[in-house]
Amino acid sequence: MNFFPAAVALARKDLRLFFRDRTGMLLGFLLPISLVTIFGYLMGLMSGDGGSSPMAQASIWVADEDQSESSQAFVALLRESPMLRVRPRLLEDGTLQDEPYDAATLRQRVIDGDTDLALIVGNGFADAIAHSELAPLTLVRDPGRQMESQLARIGVVQALGELTEGRVFTSMMAKQMRDAGTPEVMIQGMEQVSQDQYQMFQGVMQGEGLVATEDHAPPERDEDVSYAQAQAVGGIAVMMVLFGLTAAATTLLRERDEGTMRRLLSLPMPPGSILLGKALSTMVVGMIQIMLLFAVGEVLFGIGIWRDPLTLFVLMLSTVAAASAFGLLIASWAKTPKQAEGMSTLIILVMSCLGGSWFPLQMLDLPAAIEVAMRMTINHWSVSGFQDLFWKAQSLGDSGIQASVGVLWLFALLASLLAHRLFRRNYLGRA
Amino acid sequence: MIQAKQLCLSYGERLAVDHLEFTIEQGECFGLLGPNGAGKSSTLACLSGLGDGWTGTIEVQGKAVRPAKELAVRRSFGLVPQDLAVYEGMTARENLAFFGELAGLNAGERGTAIDRGLALAGLEDRADDRVDQFSGGMKRRLNLAVGDVHQPPVLFLDEPTVGVDPQSRNHIFETLESLASEGRTLVYTTHYMEEAERLCQRILIMNEGKSLGCGTHEELTAQAELPSGSTLEDVFLHMTGRSLRDG
């Protein structure tokens with residue numbers, strides 16, 4: 001039988017076996033769909049794309065020892081901070097979810113590791129605010145939680161500023177100037193200027209004044225598309241296709257172990273058609289899988305798959321070709337299924353981490369070596385291509401997508417050649 | 001006619017086939033008899049084209065060939081591997097159709113070949129059942145039928161009766177006798193004396209890749225210098241020794 005018809009017959013056989021194993025097939029599709037859903041949702045939350053939370057939050061327990069009107073207003077302002085989740089939580093009926101702790105208990109909870117951050121509003125808080133003096137506030141923290149600690153500091157300072165309409169900052173400066181022996185007339189002048197500056201700063205923070213803002217986006221881009229969710233859907237899809245196709249390609253090892261490979265090799269057809277048959281069947285499975293994942297991404301997150309279906313198809317095909325060749329390379333190299341499983345898991349996880357499947361690494365200022373390693377991965381070129389398509393609204397005519405497609409096919413070609421060489425050595429060299 | 005001259009095959013340092021010389025006549029059933037690890041399957045692998053790492057000469061009808069590289073040669077061969085080389089997720093009919101297609105049968109020929117294969121395996125009433133629902137004996141019979149699906153002039157059989165019940169074994173023997181009576185050449189590896197004695201006109205006794213003797217039962221008895229009437233097992237143990245083989 002000739003090379004190509006034999007490969008097609010072999011691919012048909014593999015697909016028949018794949019689709020006949022209903023449970024295996026269902027799991028093979030359900031796991032990636034679950035991951036795309038979870039990652040897309042979480043990335044949306046983290047980046048604010050989902051609209052529910054614009055930034056990360058720190059959980060902070062508050063002990064109000066002062067129990068004054070002023071301290072309660074301050075705690076209420078803390079609760080409004082988008083950076084803080086104040087505990088105990090205030091329920092809708094105005095009651096607290098849990099009993100509040102006193103200062104000593106909160107300190108002990110931080111020591112015991114039960115709480116990472118606590119704010120103690122000390123006795124005399126109201127007097128200090130009334131007299132524009134430094135308020136008795138203590139942040140008790142686990143020093144290992146730097147990020148939350150910084151968020152808490154910002155939240156506390158903002159709440160204090162709002163409570164005193166900025167007087168707390170000017171009075172701090174005035175105290176320092178008095179201690180340094182500055183004449184009173186100068187201090188009063190400074191207080192007036194500072195107060196004006198605070199009002200101006202508040203205005204700027206709310207988008208008024210000094211900095212003008214213009215919003216621009218590619219006009220072709222779908223309005224619903226969000227950067228993080230497009231990244232998550234593309235990234236997880238590539239990773240799962242890599243896992244799925246490597247598993248499919250390693251049926252080559254099963255053929256060897258179960259004896260069907262000997263029979264195939266004895267038949268009147270070129271041995272290379274066995275490898276091509278595997279490549280064709282894995283590519284069909286991969287295309288179904290990746291199309292399903294992007295369809296889920298469209299339904300759940302509106303990533304915009306209908307804007308340019310041709311470019312999307314070419315990118316998917318390029319990704320699947322590279323992933324399929326990678327799977328065959330692993331299957332041709334490995335001596336046992338365990339070797340294939342171990343090596344592929346290691347490489348796919350590293351590629352996924354570096355290539356942006358889990359997190360948009362391209363947003364970071366990476367060291368040159370990591371940048372180079374990132375560009376060596378299938379994930380990077382594939383995810384970049386999908387981001388160019390969905391986020392930058394590019395098409396096949398744009399250089400970004402052309403580069404992604406070109407590199408993915410180059411990878412597919414090189415990996416296929418190497419896989420063929422290893423296949424001949426490991427499968428045909430036995431007799 | 002198939003002739004092997006100075007046939008050698010090594011796996012690293014180990015010589016699995018060691019300068020073998022033999023001739024298989026057209027239409028005969030030729031046995032390769034030897035203990036575990038004697039090199040029977042490796043010899044079959046060289047002849048059937050499973051690999052191309054051997055040295056020496058293999059001639060088919062007087063012409064030197066390399067079966068691994070020559071599709072025309074492999075078209076005239078069929079292989080029944082020792083493993084159950086059928087797809088368990090497919091039915092008996094689908095297995096026969098698939099291997100028939102790869103062996104080069106067109107759609108029309110395949111229909112006939114499938115019916116013949118099912119009859120050969122005694123699986124007509126289980127044709128559309130998946131192989132993973134079959135007993136070991138049924139799988140062995142199908143394994144044989146698949147190897148013969150394109151009715152090749154030469155059929156290589158690598159221990160085709162391993163682990164089967166007496167009924168299936170008898171069915172396989174009868175099938176092979178029927179194929180031999182059609183004038184087909186059978187090359188049969190086994191380490192069961194009674195199988196070799198029942199089926200094979202001539203036998204090559206192998207040990208550690210080497211030929212220890214080749215011929216009919218009587219010729220082998222004479223080569224071993226044993227009294228006439230000695231069993232094949234006497235001859236075999238005399239030639240290969242009585243030490244245990246762990247293959």
# chains A, B, ... in the order shown; residues from 1 in each chain; ligands from 1
>>> residues_around(residues="region 278-294 of chain A", least_positions_apart="2", cutoff="8 Å", atoms="only C-alpha atoms", output="short mmCIF file (atom, residue, chain, number, x, y, z; two decimals) with N, CA, C and O atoms, in the first residue's frame")
data_model
loop_
_atom_site.label_atom_id
_atom_site.label_comp_id
_atom_site.auth_asym_id
_atom_site.auth_seq_id
_atom_site.Cartn_x
_atom_site.Cartn_y
_atom_site.Cartn_z
N ALA A 7 -1.25 5.79 5.62
CA ALA A 7 -1.29 6.70 6.78
C ALA A 7 -2.74 7.07 7.11
O ALA A 7 -3.13 7.11 8.28
N VAL A 8 -3.55 7.30 6.08
CA VAL A 8 -4.95 7.66 6.31
C VAL A 8 -5.70 6.49 6.95
O VAL A 8 -6.49 6.67 7.89
N LEU A 10 -4.42 4.16 8.81
CA LEU A 10 -3.95 4.06 10.20
C LEU A 10 -4.59 5.14 11.08
O LEU A 10 -4.98 4.88 12.22
N ALA A 11 -4.70 6.34 10.52
CA ALA A 11 -5.31 7.44 11.29
C ALA A 11 -6.78 7.13 11.57
O ALA A 11 -7.28 7.36 12.67
N ARG A 12 -7.47 6.59 10.54
CA ARG A 12 -8.89 6.22 10.73
C ARG A 12 -9.04 5.20 11.85
O ARG A 12 -9.93 5.30 12.70
N ASP A 14 -6.99 4.74 14.42
CA ASP A 14 -6.73 5.39 15.72
C ASP A 14 -7.94 6.21 16.18
O ASP A 14 -8.28 6.22 17.36
N LEU A 15 -8.55 6.92 15.23
CA LEU A 15 -9.71 7.74 15.59
C LEU A 15 -10.88 6.88 16.01
O LEU A 15 -11.60 7.20 16.96
N PHE A 29 -11.89 15.56 27.21
CA PHE A 29 -12.45 16.87 26.87
C PHE A 29 -12.89 17.64 28.11
O PHE A 29 -12.80 18.86 28.15
N PRO A 32 -9.87 19.62 30.23
CA PRO A 32 -9.46 20.93 29.69
C PRO A 32 -10.56 21.99 29.80
O PRO A 32 -10.27 23.14 30.11
N ILE A 33 -11.81 21.58 29.59
CA ILE A 33 -12.90 22.56 29.68
C ILE A 33 -13.00 23.11 31.10
O ILE A 33 -13.15 24.32 31.31
N VAL A 36 -10.04 25.54 31.66
CA VAL A 36 -10.25 26.82 30.96
C VAL A 36 -11.26 27.67 31.71
O VAL A 36 -11.07 28.87 31.90
N VAL A 233 -7.64 31.57 28.35
CA VAL A 233 -8.25 30.58 27.45
C VAL A 233 -7.19 30.05 26.47
O VAL A 233 -7.02 28.84 26.30
N GLY A 234 -6.45 30.95 25.85
CA GLY A 234 -5.40 30.53 24.90
C GLY A 234 -4.34 29.69 25.60
O GLY A 234 -3.95 28.64 25.10
N ALA A 237 -5.66 26.27 26.78
CA ALA A 237 -5.96 25.45 25.60
C ALA A 237 -4.67 24.85 25.04
O ALA A 237 -4.61 23.65 24.75
N VAL A 238 -3.63 25.65 24.92
CA VAL A 238 -2.36 25.14 24.37
C VAL A 238 -1.80 24.06 25.30
O VAL A 238 -1.37 22.99 24.84
N VAL A 241 -3.85 20.87 25.03
CA VAL A 241 -3.64 20.20 23.73
C VAL A 241 -2.29 19.48 23.75
O VAL A 241 -2.17 18.35 23.27
N GLY A 244 -2.88 16.38 25.84
CA GLY A 244 -3.77 15.45 25.15
C GLY A 244 -3.08 14.77 23.98
O GLY A 244 -3.18 13.55 23.81
N LEU A 245 -2.37 15.55 23.19
CA LEU A 245 -1.76 14.97 21.99
C LEU A 245 -0.54 14.12 22.33
O LEU A 245 -0.24 13.16 21.63
N ALA A 248 -2.02 10.89 23.21
CA ALA A 248 -2.48 10.19 22.00
C ALA A 248 -1.30 9.62 21.22
O ALA A 248 -1.35 8.50 20.71
N ALA A 249 -0.22 10.40 21.15
CA ALA A 249 0.94 9.94 20.36
C ALA A 249 1.62 8.75 21.02
O ALA A 249 2.21 7.91 20.34
N LEU A 252 1.72 4.94 20.21
CA LEU A 252 2.80 4.32 19.43
C LEU A 252 3.53 3.29 20.31
O LEU A 252 3.85 2.19 19.86
N ILE A 274 3.31 4.81 9.32
CA ILE A 274 2.81 4.57 10.68
C ILE A 274 2.89 5.88 11.47
O ILE A 274 1.95 6.27 12.17
N LEU A 275 4.03 6.55 11.33
CA LEU A 275 4.24 7.82 12.05
C LEU A 275 3.28 8.91 11.51
O LEU A 275 2.68 9.65 12.29
N LEU A 276 3.14 8.96 10.19
CA LEU A 276 2.24 9.96 9.61
C LEU A 276 0.80 9.70 10.03
O LEU A 276 0.04 10.63 10.32
N VAL A 296 -15.89 27.16 24.32
CA VAL A 296 -16.22 27.38 25.74
C VAL A 296 -15.76 28.78 26.15
O VAL A 296 -16.49 29.52 26.83
N GLY A 297 -14.58 29.18 25.70
CA GLY A 297 -14.06 30.51 26.01
C GLY A 297 -14.98 31.61 25.46
O GLY A 297 -15.19 32.63 26.11
N GLU A 298 -15.54 31.36 24.30
CA GLU A 298 -16.45 32.35 23.70
C GLU A 298 -17.75 32.46 24.50
O GLU A 298 -18.21 33.55 24.82
N ILE A 305 -14.24 34.82 19.11
CA ILE A 305 -13.72 33.88 18.10
C ILE A 305 -14.31 34.14 16.72
O ILE A 305 -13.79 33.63 15.73
N MET A 316 -4.94 27.78 15.27
CA MET A 316 -5.25 26.51 15.95
C MET A 316 -4.53 25.36 15.26
O MET A 316 -3.93 24.50 15.91
N LEU A 317 -4.57 25.36 13.93
CA LEU A 317 -3.93 24.28 13.18
C LEU A 317 -2.42 24.28 13.42
O LEU A 317 -1.80 23.22 13.60
N VAL A 320 -1.78 22.93 16.92
CA VAL A 320 -2.01 21.49 16.98
C VAL A 320 -0.90 20.73 16.24
O VAL A 320 -0.45 19.67 16.70
N ALA A 321 -0.43 21.27 15.13
CA ALA A 321 0.66 20.61 14.39
C ALA A 321 1.93 20.56 15.25
O ALA A 321 2.59 19.52 15.33
N SER A 324 1.32 18.10 18.14
CA SER A 324 1.31 16.72 17.65
C SER A 324 2.74 16.24 17.39
O SER A 324 3.12 15.12 17.75
N ALA A 325 3.54 17.10 16.76
CA ALA A 325 4.94 16.73 16.47
C ALA A 325 5.70 16.54 17.78
O ALA A 325 6.53 15.62 17.90
N LEU A 328 4.78 13.14 19.15
CA LEU A 328 5.43 12.05 18.41
C LEU A 328 6.92 11.97 18.73
O LEU A 328 7.50 10.89 18.78
#
>>> residues_around(residues="region 146-157 of chain A", least_positions_apart="3", cutoff="12 Å", atoms="only C-alpha atoms", output="PyMOL selection string")
chain A and resi 55-62+74-86+115-121+134-135+137-143+160-169
>>> closest_atom_pairs(of="region 125-228 of chain B", to="region 42-47 of chain B", cutoff="10 Å", atoms="only C-alpha atoms", output="tab-separated table")
residue	atom	partner	partner_atom	distance
B:Phe156	CA	B:Leu44	CA	7.0
B:Leu157	CA	B:Leu44	CA	8.3
B:Asp158	CA	B:Leu44	CA	7.5
B:Val187	CA	B:Leu44	CA	8.2
B:Tyr188	CA	B:Leu44	CA	8.9
B:Thr189	CA	B:Leu44	CA	8.1
B:Gly209	CA	B:Thr43	CA	8.4
>>> write_last_selection(atoms="all heavy atoms", output="short mmCIF file (atom, residue, chain, number, x, y, z; two decimals), in the first residue's frame")
data_model
loop_
_atom_site.label_atom_id
_atom_site.label_comp_id
_atom_site.auth_asym_id
_atom_site.auth_seq_id
_atom_site.Cartn_x
_atom_site.Cartn_y
_atom_site.Cartn_z
N PHE B 156 4.60 -16.63 7.94
CA PHE B 156 5.50 -16.83 9.08
C PHE B 156 4.65 -16.89 10.36
O PHE B 156 3.87 -15.96 10.63
CB PHE B 156 6.49 -15.67 9.19
CG PHE B 156 7.41 -15.54 8.01
CD1 PHE B 156 7.22 -14.56 7.05
CD2 PHE B 156 8.47 -16.42 7.85
CE1 PHE B 156 8.05 -14.44 5.95
CE2 PHE B 156 9.33 -16.31 6.75
CZ PHE B 156 9.11 -15.32 5.80
N LEU B 157 4.85 -17.93 11.13
CA LEU B 157 4.04 -18.12 12.34
C LEU B 157 4.96 -18.23 13.56
O LEU B 157 5.77 -19.17 13.63
CB LEU B 157 3.20 -19.39 12.22
CG LEU B 157 2.23 -19.40 11.05
CD1 LEU B 157 2.52 -20.58 10.13
CD2 LEU B 157 0.81 -19.44 11.52
N ASP B 158 4.84 -17.27 14.46
CA ASP B 158 5.72 -17.25 15.62
C ASP B 158 4.97 -17.78 16.84
O ASP B 158 4.20 -17.04 17.48
CB ASP B 158 6.21 -15.80 15.86
CG ASP B 158 7.38 -15.75 16.82
OD1 ASP B 158 7.82 -16.82 17.30
OD2 ASP B 158 7.87 -14.63 17.09
N VAL B 187 6.32 -21.11 7.67
CA VAL B 187 7.55 -21.12 8.49
C VAL B 187 7.09 -20.97 9.93
O VAL B 187 6.50 -19.95 10.30
CB VAL B 187 8.51 -19.98 8.09
CG1 VAL B 187 9.80 -20.05 8.89
CG2 VAL B 187 8.79 -20.01 6.60
N TYR B 188 7.35 -22.01 10.73
CA TYR B 188 6.67 -22.15 12.01
C TYR B 188 7.68 -22.25 13.14
O TYR B 188 8.52 -23.13 13.16
CB TYR B 188 5.85 -23.46 11.92
CG TYR B 188 4.87 -23.69 13.02
CD1 TYR B 188 3.54 -23.32 12.87
CD2 TYR B 188 5.24 -24.33 14.20
CE1 TYR B 188 2.62 -23.55 13.88
CE2 TYR B 188 4.33 -24.56 15.21
CZ TYR B 188 3.02 -24.17 15.05
OH TYR B 188 2.11 -24.40 16.04
N THR B 189 7.63 -21.32 14.10
CA THR B 189 8.54 -21.44 15.25
C THR B 189 7.76 -22.01 16.43
O THR B 189 6.60 -21.67 16.65
CB THR B 189 9.13 -20.08 15.68
OG1 THR B 189 8.15 -19.36 16.40
CG2 THR B 189 9.62 -19.27 14.52
N GLY B 209 21.24 -19.03 18.85
CA GLY B 209 21.38 -18.40 17.55
C GLY B 209 22.00 -19.28 16.48
O GLY B 209 22.02 -18.90 15.31
#
>>> interface_residues(of="chain B", to="chain A", cutoff="10 Å", atoms="only C-alpha atoms", output="count of residues only")
56
>>> residues_around(residues="Ser211 (chain B)", least_positions_apart="3", cutoff="9 Å", atoms="only C-alpha atoms", output="mmCIF file with N, CA and C atoms, in the first residue's frame")
data_model
loop_
_atom_site.group_PDB
_atom_site.id
_atom_site.type_symbol
_atom_site.label_atom_id
_atom_site.label_comp_id
_atom_site.auth_asym_id
_atom_site.auth_seq_id
_atom_site.Cartn_x
_atom_site.Cartn_y
_atom_site.Cartn_z
ATOM 1 N N ASP B 18 23.234 -16.514 14.557
ATOM 2 C CA ASP B 18 24.687 -16.695 14.400
ATOM 3 C C ASP B 18 24.994 -17.526 13.145
ATOM 4 N N HIS B 19 25.227 -16.835 12.034
ATOM 5 C CA HIS B 19 25.631 -17.481 10.777
ATOM 6 C C HIS B 19 24.729 -18.657 10.389
ATOM 7 N N LEU B 20 23.442 -18.373 10.353
ATOM 8 C CA LEU B 20 22.472 -19.426 10.001
ATOM 9 C C LEU B 20 22.470 -19.672 8.488
ATOM 10 N N GLU B 21 22.338 -20.965 8.137
ATOM 11 C CA GLU B 21 22.201 -21.329 6.719
ATOM 12 C C GLU B 21 21.062 -22.333 6.623
ATOM 13 N N PHE B 22 20.067 -22.025 5.820
ATOM 14 C CA PHE B 22 18.981 -22.996 5.615
ATOM 15 C C PHE B 22 18.232 -22.650 4.334
ATOM 16 N N LEU B 204 14.463 -27.053 11.611
ATOM 17 C CA LEU B 204 15.805 -26.536 11.937
ATOM 18 C C LEU B 204 15.858 -26.421 13.468
ATOM 19 N N ILE B 205 16.782 -27.165 14.073
ATOM 20 C CA ILE B 205 16.920 -27.074 15.532
ATOM 21 C C ILE B 205 17.976 -26.011 15.837
ATOM 22 N N MET B 206 17.576 -25.047 16.657
ATOM 23 C CA MET B 206 18.459 -23.899 16.958
ATOM 24 C C MET B 206 18.782 -23.864 18.441
ATOM 25 N N ASN B 207 19.943 -23.319 18.746
ATOM 26 C CA ASN B 207 20.298 -23.026 20.135
ATOM 27 C C ASN B 207 21.293 -21.878 20.143
ATOM 28 N N GLU B 208 21.019 -20.884 20.951
ATOM 29 C CA GLU B 208 21.890 -19.705 21.070
ATOM 30 C C GLU B 208 22.235 -19.109 19.705
ATOM 31 N N CYS B 214 19.443 -29.738 10.699
ATOM 32 C CA CYS B 214 18.289 -29.366 9.875
ATOM 33 C C CYS B 214 17.907 -30.558 9.010
#
>>> select_by_dssp(residues="region 198-372 of chain A", states="helix (DSSP H, G or I)", output="ChimeraX atom specification")
/A:198-205,227-249,251-258,260-266,272-301,309-333,337-355,361-363,368-372
>>> atom_distance(atom1="CA of Ala322 (chain A)", atom2="CA of Leu414 (chain A)")
9.4 Å
>>> residues_around(residues="region 216-222 of chain B", least_positions_apart="4", cutoff="8 Å", atoms="only C-alpha atoms", output="mmCIF file with N, CA and C atoms, in the first residue's frame")
data_model
loop_
_atom_site.group_PDB
_atom_site.id
_atom_site.type_symbol
_atom_site.label_atom_id
_atom_site.label_comp_id
_atom_site.auth_asym_id
_atom_site.auth_seq_id
_atom_site.Cartn_x
_atom_site.Cartn_y
_atom_site.Cartn_z
ATOM 1 N N GLU B 197 6.435 -31.910 15.094
ATOM 2 C CA GLU B 197 6.355 -33.246 14.503
ATOM 3 C C GLU B 197 5.079 -33.386 13.655
ATOM 4 N N GLN B 201 7.445 -30.634 7.715
ATOM 5 C CA GLN B 201 8.169 -31.663 6.964
ATOM 6 C C GLN B 201 9.645 -31.654 7.371
ATOM 7 N N ARG B 202 10.185 -30.441 7.487
ATOM 8 C CA ARG B 202 11.598 -30.337 7.880
ATOM 9 C C ARG B 202 11.695 -29.353 9.043
ATOM 10 N N ILE B 203 12.724 -29.605 9.859
ATOM 11 C CA ILE B 203 12.867 -28.806 11.081
ATOM 12 C C ILE B 203 14.316 -28.341 11.207
ATOM 13 N N LEU B 226 21.674 -40.854 17.000
ATOM 14 C CA LEU B 226 20.828 -41.580 17.948
ATOM 15 C C LEU B 226 20.200 -42.770 17.225
ATOM 16 N N PRO B 227 19.773 -43.779 17.985
ATOM 17 C CA PRO B 227 19.170 -44.941 17.324
ATOM 18 C C PRO B 227 17.890 -44.567 16.589
ATOM 19 N N SER B 228 17.646 -45.249 15.522
ATOM 20 C CA SER B 228 16.428 -45.010 14.749
ATOM 21 C C SER B 228 15.222 -45.264 15.659
ATOM 22 N N SER B 230 14.143 -42.914 17.730
ATOM 23 C CA SER B 230 14.205 -41.937 18.830
ATOM 24 C C SER B 230 13.166 -40.859 18.581
ATOM 25 N N LEU B 232 11.497 -37.050 18.651
ATOM 26 C CA LEU B 232 12.052 -35.727 18.327
ATOM 27 C C LEU B 232 12.569 -35.050 19.598
ATOM 28 N N VAL B 235 15.997 -36.249 20.328
ATOM 29 C CA VAL B 235 16.955 -35.592 19.423
ATOM 30 C C VAL B 235 17.206 -34.159 19.899
#
>>> select_by_dssp(residues="region 3-110 of chain B", states="strand (DSSP E)", output="ChimeraX atom specification")
/B:3-11,14-24,29-33,55-60,63-64,77-80
>>> write_last_selection(atoms="C-alpha atoms", output="mmCIF file, in the first residue's frame")
data_model
loop_
_atom_site.group_PDB
_atom_site.id
_atom_site.type_symbol
_atom_site.label_atom_id
_atom_site.label_comp_id
_atom_site.auth_asym_id
_atom_site.auth_seq_id
_atom_site.Cartn_x
_atom_site.Cartn_y
_atom_site.Cartn_z
ATOM 1 C CA GLN B 3 17.352 -19.358 1.287
ATOM 2 C CA ALA B 4 19.359 -17.858 4.138
ATOM 3 C CA LYS B 5 23.142 -17.679 3.894
ATOM 4 C CA GLN B 6 25.398 -16.672 6.770
ATOM 5 C CA LEU B 7 22.459 -14.864 8.381
ATOM 6 C CA CYS B 8 23.561 -12.921 11.474
ATOM 7 C CA LEU B 9 21.747 -10.526 13.782
ATOM 8 C CA SER B 10 23.153 -8.983 16.935
ATOM 9 C CA TYR B 11 21.595 -6.958 19.727
ATOM 10 C CA ARG B 14 24.858 -10.483 21.871
ATOM 11 C CA LEU B 15 24.625 -12.493 18.654
ATOM 12 C CA ALA B 16 20.949 -13.514 18.460
ATOM 13 C CA VAL B 17 21.292 -15.167 15.031
ATOM 14 C CA ASP B 18 24.687 -16.695 14.400
ATOM 15 C CA HIS B 19 25.631 -17.481 10.777
ATOM 16 C CA LEU B 20 22.472 -19.426 10.001
ATOM 17 C CA GLU B 21 22.201 -21.329 6.719
ATOM 18 C CA PHE B 22 18.981 -22.996 5.615
ATOM 19 C CA THR B 23 16.647 -23.428 2.681
ATOM 20 C CA ILE B 24 12.854 -23.411 2.790
ATOM 21 C CA CYS B 29 5.996 -26.378 6.337
ATOM 22 C CA PHE B 30 9.383 -25.558 7.794
ATOM 23 C CA GLY B 31 9.864 -25.599 11.539
ATOM 24 C CA LEU B 32 12.227 -23.536 13.645
ATOM 25 C CA LEU B 33 12.585 -25.482 16.887
ATOM 26 C CA THR B 55 23.951 -9.290 7.775
ATOM 27 C CA GLY B 56 24.336 -12.184 5.338
ATOM 28 C CA THR B 57 21.988 -13.003 2.490
ATOM 29 C CA ILE B 58 18.313 -13.808 2.177
ATOM 30 C CA GLU B 59 17.232 -15.058 -1.215
ATOM 31 C CA VAL B 60 13.651 -15.412 -2.406
ATOM 32 C CA LYS B 63 17.109 -13.321 -5.810
ATOM 33 C CA ALA B 64 18.840 -11.578 -2.903
ATOM 34 C CA PHE B 77 4.661 -12.594 3.145
ATOM 35 C CA GLY B 78 2.277 -12.768 6.053
ATOM 36 C CA LEU B 79 3.195 -12.682 9.738
ATOM 37 C CA VAL B 80 1.413 -14.182 12.721
#
>>> closest_residue(among="B:Ala97, B:Arg126, B:Gly34, B:Gly27", to="Glu177 (chain B)", atoms="only C-alpha atoms")
B:Gly27
>>> atom_distance(atom1="CA of Glu124 (chain B)", atom2="CA of Ser178 (chain B)")
18.2 Å
>>> residues_around(residues="Arg184 (chain B)", least_positions_apart="6", cutoff="9 Å", atoms="only C-alpha atoms", output="compact mmCIF listing (two decimals) with N, CA and C atoms, in the first residue's frame")
# COMPACT_ATOMS: atom_id res chain seq x y z
N GLN B 26 9.46 -24.30 -1.51
CA GLN B 26 8.11 -23.79 -1.76
C GLN B 26 7.08 -24.85 -1.40
N GLY B 27 6.06 -24.44 -0.66
CA GLY B 27 4.96 -25.34 -0.33
C GLY B 27 5.22 -26.23 0.87
N GLU B 28 6.36 -26.11 1.50
CA GLU B 28 6.60 -26.96 2.67
C GLU B 28 6.29 -26.21 3.97
N CYS B 29 6.10 -26.98 5.01
CA CYS B 29 6.00 -26.38 6.34
C CYS B 29 7.33 -26.61 7.02
N GLN B 151 -3.89 -13.75 2.06
CA GLN B 151 -3.49 -15.05 1.51
C GLN B 151 -2.10 -15.01 0.87
N PRO B 152 -1.09 -14.67 1.66
CA PRO B 152 0.26 -14.59 1.10
C PRO B 152 0.82 -15.97 0.77
N PRO B 153 1.69 -16.07 -0.20
CA PRO B 153 2.29 -17.38 -0.53
C PRO B 153 3.12 -17.93 0.64
N VAL B 154 3.70 -17.01 1.44
CA VAL B 154 4.54 -17.46 2.57
C VAL B 154 3.95 -16.90 3.86
N LEU B 155 3.74 -17.78 4.84
CA LEU B 155 3.18 -17.33 6.12
C LEU B 155 4.17 -17.66 7.24
>>> atom_distance(atom1="CA of Gly406 (chain A)", atom2="CA of Lys392 (chain A)")
18.6 Å
>>> residues_around(residues="region 166-171 of chain B", least_positions_apart="2", cutoff="10 Å", atoms="only C-alpha atoms", output="MDAnalysis selection string")
chainID B and resid 120:122 136:141 160:164 173:177 195
>>> residues_around(residues="Phe390 (chain A)", least_positions_apart="4", cutoff="8 Å", atoms="only C-alpha atoms", output="PyMOL selection string")
chain A and resi 221-222+225+230+303-305+386+394
>>> decode(residues="region 329-360 of chain A", atoms="C-alpha atoms", output="compact mmCIF listing (two decimals), in the first residue's frame")
# COMPACT_ATOMS: atom_id res chain seq x y z
CA LEU A 329 8.93 13.16 19.31
CA ILE A 330 8.37 12.06 22.91
CA ALA A 331 6.75 8.78 21.81
CA SER A 332 9.58 7.98 19.38
CA TRP A 333 12.24 8.79 21.94
CA ALA A 334 10.82 6.97 24.99
CA LYS A 335 11.60 3.34 25.68
CA THR A 336 8.63 2.89 28.01
CA PRO A 337 5.25 4.61 28.55
CA LYS A 338 6.49 5.69 31.99
CA GLN A 339 9.47 7.49 30.43
CA ALA A 340 7.16 9.20 27.96
CA GLU A 341 4.74 10.26 30.68
CA GLY A 342 7.47 11.60 32.97
CA MET A 343 9.41 13.46 30.30
CA SER A 344 6.35 14.96 28.62
CA THR A 345 4.87 16.14 31.93
CA LEU A 346 8.15 17.81 32.87
CA ILE A 347 8.61 19.55 29.52
CA ILE A 348 4.96 20.59 29.14
CA LEU A 349 4.78 22.07 32.64
CA VAL A 350 8.03 24.00 32.14
CA MET A 351 6.91 25.22 28.70
CA SER A 352 3.51 26.19 30.08
CA CYS A 353 5.03 28.13 32.96
CA LEU A 354 7.59 29.92 30.80
CA GLY A 355 5.37 30.31 27.78
CA GLY A 356 2.55 32.17 29.51
CA SER A 357 -0.06 29.44 29.81
CA TRP A 358 -0.50 30.09 33.50
CA PHE A 359 0.34 33.78 33.81
CA PRO A 360 1.03 36.52 31.24
